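Asks: This is the structure I have questions about; it appears just below.
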Amino acid sequence: MSSTSNAPTGSNRVRIVVATSVMLTFISYWRAAAVILNDLGSSAFYACGIAEQAIGKSAPWFVLAVMLFAFAVRAVYVESCSMFVRGGVYRVVKEALGGTLAKISVSALMFDYILTGPVSAVSAGQYIAGLINDTIAIADAHGWVPAAVHHLFHGTPQVGVNTTAVLFAVAVTLYYWWENTKGIEESSEKALWVMQITTVMVVLLLGWSFFTLLKVGGHLPPFPTLANIHYSQESLGFWKHSSLPHTFAILGLIIGFGHSVLAMSGEESLAQVYRELAHPKLKNLKRTAIVIGIYSFLFTGLVSLLAVMLIPDDVRTKVYSDNLIAGLAMHMIGPEVLRLAFRAFVVVVGFLILSGAVNTAIVGSNGVLNRVSEDGVLADWFRRPHKRYGTTYRIVNLIVGLQLFTIIVSWGNIYTLGEAYAFGVVWSFVFKAISMLVLRYRYKGERLWKVPPNLHLFGIEIPIGLASVGMVLLSTAIVNLFTKSIATVSGLIFSAVFFAIFTFSEKVNRRKHAHAAAQMKEQFQLQLAESVERETVGIRPGNVLVPVRDYNTLNHLRWTLERTDTHEQDVVVMTARISQYGAAAYGLSSEQIFSDYEQTLFTRAVSVAESVGKKISLLVVPARDSWSAIAQTAHNLESSGVVTGLSSKMTTAEQAFALGSAWESIPEPKRQFVLQIVQPDDVVDTFRIGPHTPTMKNEDVVLLHRLWLNITREPGLENVHHHDILTEALTRFAHDYGARDREDIVKELRRHGVDGGPLPVRRIADQIHTVQPGPARSDRDDERRDDGPSSPKVGDSE
Amino acid sequence: MSTSVVLVKILEFMFVAGWVGSAVVLVLTGIEDVGTLLDRKDENSH
């Protein structure tokens, strides 16, 4: 259990406990649905417009069919998640079809992810440009545009829709590039908030549309027969000069279906959030699937249908094909100003959900490339962390570079982008469905649920449901190869290039990794553990936990070791292996959790321990976010203290607040601990995490004592204690706060916060508002101490 | 019949048969979904 004695007898290797379960804060199915709908729902803004450009006015029927079929695809995902907690495409394909096909499927998935960003950002740009132009046109119609401006633009001033969309898309992509370089905090809270606003819009949109339909009437779009499908020049691709699409009715349906299939892009997110779902997992996954199924059917499916019914054909195809929901908003009955205001609301919601999808694309691609990089099929160079922010910035640069290239090459042509996007979407589904079919026969492990129906003939199971879904997907994907020439060519080139890079890197890395593995075998011994437990790590209660991330900043570890007698108190050095929503589906093996980087990090940590001559224990935990990992690990290991370094992005108070918030989400019973943040100059800030006796100012103690003196002089109150007075005072305070004096109290506390200390005023107000025992941010020690890690005895902080 | 016509016929068969099977999937999972929605036990919507 030390840098030298941690290994079993007879070995000098350091034992490292590698936890294989991610430390997650579990979320409800509503939140999970919100996370998925942020991706899935965004396609409602462009899917039908693209489909109608390809196959004509009957497009909404195909979009509805896709949304209906998405229920069956979801069933495939539920089955895969019931087999693997990390049941994404990569894991399933690798398990069923092996590494080579897994690399091909990941290449297709990368194409999907890379294009999600541009298609979403450009679509948001189209909605904004459309709103600007229509607002100016309405203003001009009312004579509000000055004649000089009119002359200057030779008519009504208008912005170039595609140019504006491109500029906007570039700006949004660059914004999220910077956010991901810094290390964005993913939050289901934010996703839920976006979906709440989107739901308001959807309810208004559907309600108002149906009301309009009742008032002015409307006609259903033509049913999808061969006569009603009007192929555009681009929609037939390599079959442009063939008579086949015009001869075979069902082929026409497949072509139409293939042009609408991007409406269900985002299904993969279902597998990605599964790990984070609260108990009972499978039931909650089904509930999530139902929620997203109904929501996306109503939103994407019905809105597409209503748009074609309410917007006149010539206006819809010429003006609103790229911003169909905006067109729908403008063709409701009601005052023009109200319709314009609602359209602005649609644009705001579109901006929120579509720009969120841009971020999802970067996070997802980053997760996939990190995963393959860890597998040794992408050079380690890509995974080298950013010096300041610790993110895999080179991968982010590569992804964003490809996205910017795509945006500029397409120059805002949403149709081209959407068609190419569908290639990645449909092929990743095909790989998934075929792999699941193969696994019906090859996989012998636990499977909690199966796609129905399944026949049993002569002892052999025939998965009719799974095969049916696979056949629809495969036939659609094959037809798409012929009808989407640009998507086929670009998708194949992209996938082939990525596949070649993966294969080449794998060969180059194999020798290097073999050497590294040999080195690791000499130095470290990995011990796998499903979860983090004190007994597994082999330490005593009341230990000190030292989280580390950057091997260049281990000053706080040295500080801890210099002040800790490791014979009395164990020191655990821990690093969290972060995986985000987009990466959660890509399961990590122990070698991936303890990769090259962790090896270097722990080698340095061991060097520090050796230089001080103290013992340390080493621990790696996979996690969704570092604060939850630290709080949960400290809780599981019964640590009395956590010593960390100063963050490059946060103040010490902010770090304490983040850890305190993570501590709050741990279920009861939980223990308190002390957090010490060591700054580069060895100045230390100390905080107590969890409810505890506050540090009282001297004047407060004096005041309490004076009150006690006065009160005990009252007849019958001679035996009153100081704590009785505090209890009475707090009870009265709580009563006043809950009743008439809340505003005054809050005002007073704010004033106190400004005058009285370094703490942000907002946080004090927050703490009072929740009336919850919060992290010890208000009890920051006034005196900065440098007397070693705090080590209160277990339980004495209660 | 040319190769492309045969291919189209195969694709059409796959698509139609797949849709018929998928419709059964939709019905069966739909019935199960109703049960899941009505079962409020263990529900945690926070």
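All residue names refer to the structure tokens as shown: chains lettered A, B, ... in order, residues numbered from 1 in each chain, ligands numbered from 1 in order.
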Quick one: which residues from chain B are at most 9 Å off chain A, using only C-alpha atoms, as a VMD selection string?
Replies: chain B and resid 4 to 5 8 to 26 28 to 30 33 36 to 37 42 to 46
Asks: Since we have the selection now, will you write its residues out, keeping N, CA and C atoms, as a compact mmCIF listing (two decimals), in the first residue's frame?
Replies:
```
# COMPACT_ATOMS: atom_id res chain seq x y z
N SER B 4 -30.13 -5.45 -62.09
CA SER B 4 -30.65 -4.34 -61.28
C SER B 4 -32.11 -4.55 -60.91
N VAL B 5 -32.87 -5.17 -61.82
CA VAL B 5 -34.28 -5.44 -61.51
C VAL B 5 -34.38 -6.48 -60.39
N VAL B 8 -33.55 -4.79 -57.23
CA VAL B 8 -34.69 -3.97 -56.78
C VAL B 8 -35.77 -4.84 -56.16
N LYS B 9 -36.04 -5.99 -56.80
CA LYS B 9 -37.08 -6.90 -56.27
C LYS B 9 -36.70 -7.40 -54.86
N ILE B 10 -35.43 -7.74 -54.72
CA ILE B 10 -34.97 -8.22 -53.40
C ILE B 10 -35.14 -7.10 -52.34
N LEU B 11 -34.71 -5.89 -52.74
CA LEU B 11 -34.81 -4.76 -51.81
C LEU B 11 -36.27 -4.49 -51.46
N GLU B 12 -37.13 -4.57 -52.46
CA GLU B 12 -38.56 -4.32 -52.21
C GLU B 12 -39.11 -5.37 -51.25
N PHE B 13 -38.71 -6.63 -51.46
CA PHE B 13 -39.18 -7.70 -50.58
C PHE B 13 -38.72 -7.46 -49.14
N MET B 14 -37.42 -7.11 -49.02
CA MET B 14 -36.86 -6.85 -47.69
C MET B 14 -37.62 -5.72 -46.99
N PHE B 15 -37.90 -4.69 -47.76
CA PHE B 15 -38.55 -3.50 -47.19
C PHE B 15 -39.98 -3.84 -46.72
N VAL B 16 -40.73 -4.53 -47.60
CA VAL B 16 -42.13 -4.84 -47.26
C VAL B 16 -42.18 -5.84 -46.10
N ALA B 17 -41.41 -6.91 -46.22
CA ALA B 17 -41.40 -7.93 -45.15
C ALA B 17 -40.93 -7.30 -43.84
N GLY B 18 -39.92 -6.44 -43.96
CA GLY B 18 -39.39 -5.76 -42.77
C GLY B 18 -40.44 -4.87 -42.12
N TRP B 19 -41.20 -4.17 -42.94
CA TRP B 19 -42.24 -3.29 -42.40
C TRP B 19 -43.36 -4.09 -41.74
N VAL B 20 -43.72 -5.22 -42.36
CA VAL B 20 -44.77 -6.06 -41.75
C VAL B 20 -44.30 -6.53 -40.37
N GLY B 21 -43.06 -7.03 -40.32
CA GLY B 21 -42.51 -7.48 -39.04
C GLY B 21 -42.39 -6.33 -38.05
N SER B 22 -41.96 -5.17 -38.55
CA SER B 22 -41.80 -4.01 -37.66
C SER B 22 -43.15 -3.56 -37.11
N ALA B 23 -44.20 -3.71 -37.93
CA ALA B 23 -45.55 -3.35 -37.46
C ALA B 23 -45.93 -4.24 -36.27
N VAL B 24 -45.56 -5.52 -36.37
CA VAL B 24 -45.84 -6.44 -35.24
C VAL B 24 -45.03 -6.00 -34.02
N VAL B 25 -43.77 -5.60 -34.26
CA VAL B 25 -42.93 -5.10 -33.16
C VAL B 25 -43.62 -3.90 -32.50
N LEU B 26 -44.13 -2.99 -33.34
CA LEU B 26 -44.78 -1.78 -32.81
C LEU B 26 -45.99 -2.13 -31.95
N LEU B 28 -46.69 -5.07 -30.43
CA LEU B 28 -46.32 -5.81 -29.21
C LEU B 28 -45.62 -4.90 -28.19
N THR B 29 -44.70 -4.08 -28.66
CA THR B 29 -44.01 -3.18 -27.71
C THR B 29 -44.97 -2.08 -27.23
N GLY B 30 -45.90 -1.70 -28.11
CA GLY B 30 -46.89 -0.70 -27.71
C GLY B 30 -47.73 -1.19 -26.54
N ASP B 33 -45.62 -1.10 -23.62
CA ASP B 33 -45.40 0.30 -23.20
C ASP B 33 -46.55 0.82 -22.36
N THR B 36 -46.02 -0.41 -19.01
CA THR B 36 -44.91 0.31 -18.36
C THR B 36 -45.37 1.69 -17.88
N LEU B 37 -46.17 2.35 -18.70
CA LEU B 37 -46.63 3.69 -18.32
C LEU B 37 -47.60 3.64 -17.15
N ASP B 42 -41.90 2.27 -8.41
CA ASP B 42 -40.48 2.60 -8.64
C ASP B 42 -40.29 3.87 -9.45
N GLU B 43 -41.36 4.58 -9.70
CA GLU B 43 -41.18 5.76 -10.55
C GLU B 43 -40.49 6.88 -9.78
N ASN B 44 -39.52 7.47 -10.44
CA ASN B 44 -38.80 8.60 -9.85
C ASN B 44 -38.66 9.64 -10.93
N SER B 45 -39.48 10.65 -10.85
CA SER B 45 -39.51 11.64 -11.93
C SER B 45 -38.78 12.93 -11.57
N HIS B 46 -37.93 12.88 -10.54
CA HIS B 46 -37.23 14.12 -10.19
C HIS B 46 -36.07 14.37 -11.12
```
Asks: Expressed in Å to a single decimal, how great is the separation between CA of Lys450 (chain A) and CA of Glu79 (chain A)?
Replies: 5.4 Å
Asks: From a backbone DSSP assignment, name each residue in chain B labelled alpha helix (DSSP H), as a VMD selection string.
Replies: chain B and resid 3 to 38
Asks: Find the residues around Arg440 (chain A) up to 10 Å (only C-alpha atoms counted), leave out those fewer than 6 positions away in its own chain, and share them as a VMD selection string.
Replies: chain A and resid 96 447 450 461 to 463 466
